[in-house]
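Asks: Here it is, the structure, as structure tokens.
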Amino acid sequence: MFNIQALASGYGQSEVIHQLDLDVAKNEIIAVMGRNGMGKTTLFKTLMGVLPIRGGEITLDGKRIEKMDSFQRVNAGLAYVPQGRMIFSTMTVLENIQTGLPASARGKVPQDLYELFPVLYDMRKRKGGNLSGGQQQQLAIARALATNPKVLLLDEPTEGIQPSIIKDIARSLKQIRDQRDLTIVVSEQVLSFTMDIADRFFVIDKGSLVYENTRNNVDEKTISQYLSV
Ligand SMILES: Nc1ncnc2c1ncn2[C@@H]1O[C@H](COP(=O)(O)OP(=O)(O)OP(=O)(O)O)[C@@H](O)[C@H]1O
């Protein structure tokens with residue numbers, strides 16, 4: 001459903017992602033695990049078209065997207081929650097969500113988004129910058145979902161968030177996958193979080209995928225070794 005073949009990208013003279021292949025099925029949750037600097041953000045930026053691709057193909061629901069601009073990829077069904085959340089801190093919660101809505105929605109937030117994240121309804125008139133880290137993460141996810149995606153990319157969603165809220169986010173992501181038939185690719189360093197949500201695990205090391213396994217067969221020790229410095 002979401003297929004990446006021989007993807008290469010990087011910055012200036014240096015290639016960061018090398019010949020990366022990934023095939024994600026509809027409704028699947030995939031975890032891409034790796035230490036700082038191994039290429040997770042570079043991979044996601046390339047998938048979104050924020051960073052130009054240097055080689056390879058990206059197919060989403062049968063459509064080749066690697067030559068598209070970012071906004072066209074969003075129209076094709078790709079959504080992105082960047083590392084650090086990047087919400088608009090001086091805009092209200094409602095306005096933040098509205099930036100993700102298609103024009104046809106006329107600014108009306110779908111009820112199911114507020115049902116997923118009731119705190120966002122309670123805080124809809126507050127400035128985004130006044131929310132806690134966990135609430136901002138929920139807002140960033142809601143904003144991405146407002147585009148009604150087929151595939152959601154989440155870059156290190158647990159970074160800087162307290163453990164009880166991490167559990168809430170895991171619960172919401174599973175609920176969203178089931179309710180919206182969504183496919184999710186999440187990059188992470190926190191194994192307990194991905195053990196909670198992922199169907200399949202990959203490890204990225206120096207821009208290449210070096211380990212893959214399904215949830216039932218995953219070897220936590222091996223993954224932990226890649227994650228430890
Ligand atoms: N704008 C940039 N210009 C040049 N090199 C970069 C740039 N951004 C990242 N890099 C390099 O690319 C490599 C991969 O970085 P990337 O941010 O993708 O890693 P990451 O796995 O997402 O780690 P982190 O969790 O720290 O963000 C690193 O060696 C990094 O130094």
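The chains in the structure tokens are called A, B, ... from first to last as shown; in each chain the residues are counted from 1, and the ligands are counted from 1 in the order shown.
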Considering only C-alpha atoms, return as a compact mmCIF listing (two decimals) with C-alpha atoms, in the first residue's frame whatever protein or nucleic-acid residues lie within 12 Å of A:Gln175, sequence-local ones (same chain, fewer than 6 positions apart) excluded.
Replies:
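around.txt, freshly written:
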```txt
# COMPACT_ATOMS: atom_id res chain seq x y z
CA ASN A 27 -3.75 -0.69 8.33
CA ILE A 29 1.68 0.18 12.15
CA ASP A 112 -14.31 12.43 15.61
CA LEU A 113 -11.08 14.42 15.99
CA GLU A 115 -13.63 12.59 20.32
CA LEU A 116 -10.14 11.19 19.88
CA PHE A 117 -8.58 14.09 21.77
CA ASP A 168 -2.48 7.91 26.06
CA ILE A 169 -0.85 8.65 22.72
CA ASP A 181 -8.32 2.46 8.33
CA LEU A 182 -5.03 4.28 8.63
CA THR A 183 -1.50 3.09 7.93
CA ILE A 184 1.09 4.47 10.35
CA ILE A 197 1.59 -0.20 19.09
```
Asks: What's the 9 Å shell around A:Gln135, counting only C-alpha atoms, without same-chain residues fewer than 4 positions away, as an MDAnalysis selection string?
Replies: chainID A and resid 117 119:120 128 131 139:140 165
Asks: Using only C-alpha atoms and all ligand atoms, which protein or nucleic acid residues are at most 9 Å from ligand 1, as a PyMOL selection string?
Replies: chain A and resi 10-17+33-45+83+155-156+159+187-189+204-207
Asks: Keeping only C-alpha atoms, write those residues as a tab-separated table (two decimals), in the first residue's frame.
Replies:
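Output file selection_31.tsv follows:
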```tsv
chain	number	residue	atom	x	y	z
A	10	GLY	CA	21.06	13.37	1.87
A	11	TYR	CA	22.47	16.84	2.27
A	12	GLY	CA	25.14	18.49	0.10
A	13	GLN	CA	27.98	16.07	-0.52
A	14	SER	CA	26.80	13.46	1.97
A	15	GLU	CA	24.31	10.72	1.30
A	16	VAL	CA	22.40	9.92	4.52
A	17	ILE	CA	19.80	7.35	3.36
A	33	MET	CA	13.76	2.52	15.44
A	34	GLY	CA	17.19	4.06	15.63
A	35	ARG	CA	19.56	6.21	17.65
A	36	ASN	CA	20.00	9.94	17.15
A	37	GLY	CA	21.55	10.78	13.82
A	38	MET	CA	20.80	7.45	12.12
A	39	GLY	CA	18.54	9.06	9.51
A	40	LYS	CA	14.95	8.84	10.75
A	41	THR	CA	14.12	12.50	10.22
A	42	THR	CA	15.94	12.56	6.89
A	43	LEU	CA	13.87	9.57	5.75
A	44	PHE	CA	10.58	11.23	6.74
A	45	LYS	CA	11.52	14.56	5.17
A	83	GLN	CA	9.81	15.88	15.28
A	155	ASP	CA	8.67	11.41	13.80
A	156	GLU	CA	9.61	10.56	17.41
A	159	GLU	CA	10.23	12.87	22.62
A	187	SER	CA	10.08	6.61	14.12
A	188	GLU	CA	11.15	6.12	17.72
A	189	GLN	CA	13.87	5.48	20.23
A	204	ILE	CA	17.74	2.05	10.92
A	205	ASP	CA	21.48	2.32	11.33
A	206	LYS	CA	23.60	4.84	9.40
A	207	GLY	CA	20.84	5.31	6.85
```
Asks: Quote the spacing between atom CA of A:Asn96 and atom CA of A:Ala31 in Å to one decimal place.
Replies: 26.6 Å
Asks: Report as a ChimeraX atom specification: the residues of stretch 33-175 of chain A with a DSSP assignment of strand (DSSP E), based on the backbone of this structure.
Replies: /A:33,55-60,63-64,78-81,151-155
Asks: Skip A:Asp219 itself and residues of its chain fewer than 5 positions away, then list as number ranges by chain all residues within 12 Å of it, counting only C-alpha atoms.
Replies: A: 191, 195, 200-203, 211-214, 224-226
Asks: List the spatial neighbours of A:Gln98 as a PyMOL selection string - criterion: any atom at most 9 Å away, only C-alpha atoms, same-chain residues fewer than 3 positions off excluded.
Replies: chain A and resi 93-95+101-102+105-109+143+146
Asks: Applying 10 Å and only C-alpha atoms, which residues near A:Ala170 remain after dropping the ones on its own chain fewer than 2 positions away? List them as a compact mmCIF listing (two decimals) with N, CA and C atoms, in the first residue's frame.
Replies:
```txt
# COMPACT_ATOMS: atom_id res chain seq x y z
N PRO A 157 7.31 10.73 18.21
CA PRO A 157 6.21 11.39 18.93
C PRO A 157 6.35 11.42 20.44
N THR A 158 7.17 10.55 21.03
CA THR A 158 7.25 10.52 22.50
C THR A 158 8.35 11.43 23.05
N ILE A 165 1.41 10.15 29.60
CA ILE A 165 0.84 10.71 28.36
C ILE A 165 1.26 9.86 27.16
N ILE A 166 2.46 9.28 27.23
CA ILE A 166 2.91 8.39 26.15
C ILE A 166 1.91 7.25 25.99
N LYS A 167 1.43 6.73 27.12
CA LYS A 167 0.43 5.64 27.07
C LYS A 167 -0.86 6.11 26.39
N ASP A 168 -1.27 7.35 26.70
CA ASP A 168 -2.48 7.91 26.06
C ASP A 168 -2.29 8.01 24.56
N SER A 172 -4.46 6.32 21.59
CA SER A 172 -5.12 7.08 20.53
C SER A 172 -4.69 6.60 19.15
N LEU A 173 -3.40 6.31 18.99
CA LEU A 173 -2.92 5.90 17.66
C LEU A 173 -3.56 4.58 17.23
N LYS A 174 -3.70 3.65 18.18
CA LYS A 174 -4.33 2.37 17.82
C LYS A 174 -5.79 2.59 17.46
N GLN A 175 -6.43 3.48 18.23
CA GLN A 175 -7.84 3.79 17.97
C GLN A 175 -8.01 4.44 16.59
N ILE A 176 -7.10 5.36 16.27
CA ILE A 176 -7.17 6.05 14.98
C ILE A 176 -6.98 5.06 13.84
N PHE A 193 7.15 2.02 23.97
CA PHE A 193 6.06 2.66 23.21
C PHE A 193 5.77 1.87 21.93
N THR A 194 6.81 1.53 21.19
CA THR A 194 6.56 0.84 19.92
C THR A 194 6.10 -0.60 20.17
N MET A 195 6.56 -1.22 21.29
CA MET A 195 6.09 -2.57 21.61
C MET A 195 4.58 -2.54 21.85
N ASP A 196 4.09 -1.40 22.30
CA ASP A 196 2.67 -1.21 22.59
C ASP A 196 1.84 -1.09 21.31
N ILE A 197 2.44 -0.52 20.25
CA ILE A 197 1.59 -0.20 19.09
C ILE A 197 1.98 -0.86 17.77
N ALA A 198 3.26 -1.23 17.60
CA ALA A 198 3.71 -1.60 16.24
C ALA A 198 3.42 -3.05 15.89
```
Asks: Which residues come within 9 Å of A:Lys127, counting only C-alpha atoms, excluding same-chain residues fewer than 5 positions away, as a PyMOL selection string?
Replies: chain A and resi 88-94
Asks: Quick check, in Å to one decimal: how far apart do atom CA of A:Met68 and atom CA of A:Phe2 lie?
Replies: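 Spanning atom CA of A:Met68 to atom CA of A:Phe2 is a straight-line distance of 15.2 Å.
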Asks: Report as a PyMOL selection string all protein, DNA and RNA residues lying within 12 Å of A:Lys63, evaluated on only C-alpha atoms, omitting residues in the same chain fewer than 2 positions from it.
Replies: chain A and resi 1-4+57-61+65-68+72-73+75-78
Asks: Any chance you can output those residues with C-alpha atoms as a short mmCIF file (atom, residue, chain, number, x, y, z; two decimals), in the first residue's frame?
Replies:
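This went into again32.cif:
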```
data_model
loop_
_atom_site.label_atom_id
_atom_site.label_comp_id
_atom_site.auth_asym_id
_atom_site.auth_seq_id
_atom_site.Cartn_x
_atom_site.Cartn_y
_atom_site.Cartn_z
CA MET A 1 0.00 0.00 0.00
CA PHE A 2 2.87 2.34 0.91
CA ASN A 3 5.98 1.20 -0.87
CA ILE A 4 9.48 2.62 -0.80
CA GLU A 57 10.60 5.31 -5.88
CA ILE A 58 7.76 6.02 -3.45
CA THR A 59 4.31 4.57 -4.21
CA LEU A 60 1.21 5.40 -2.21
CA ASP A 61 -1.94 3.41 -2.90
CA ILE A 65 4.56 10.29 -5.53
CA GLU A 66 8.33 10.85 -5.39
CA LYS A 67 8.26 13.61 -8.00
CA MET A 68 5.33 15.43 -6.38
CA GLN A 72 0.47 17.15 -3.74
CA ARG A 73 1.67 14.29 -1.54
CA ASN A 75 -3.53 15.44 -1.45
CA ALA A 76 -2.46 11.92 -2.38
CA GLY A 77 -2.98 10.87 1.25
CA LEU A 78 0.28 11.37 3.12
#
```
Asks: One decimal, Å: what's the distance from atom CA of A:Leu153 over to atom CA of A:Gly133, could you say?
Replies: 18.6 Å
Asks: Smallest atom-to-atom distance to A:Leu209: which of A:Ile223, A:Pro149, A:Gln136, A:Tyr114, using only C-alpha atoms?
Replies: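 For A:Leu209, the nearest of the candidates is A:Ile223.
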Asks: Looking only at alpha helix (DSSP H) from DSSP on the backbone, list the matching residues of stretch 1-203 of chain A as a PyMOL selection string.
Replies: chain A and resi 40-48+70-76+93-98+111-116+118-122+133-145+163-180+191-197
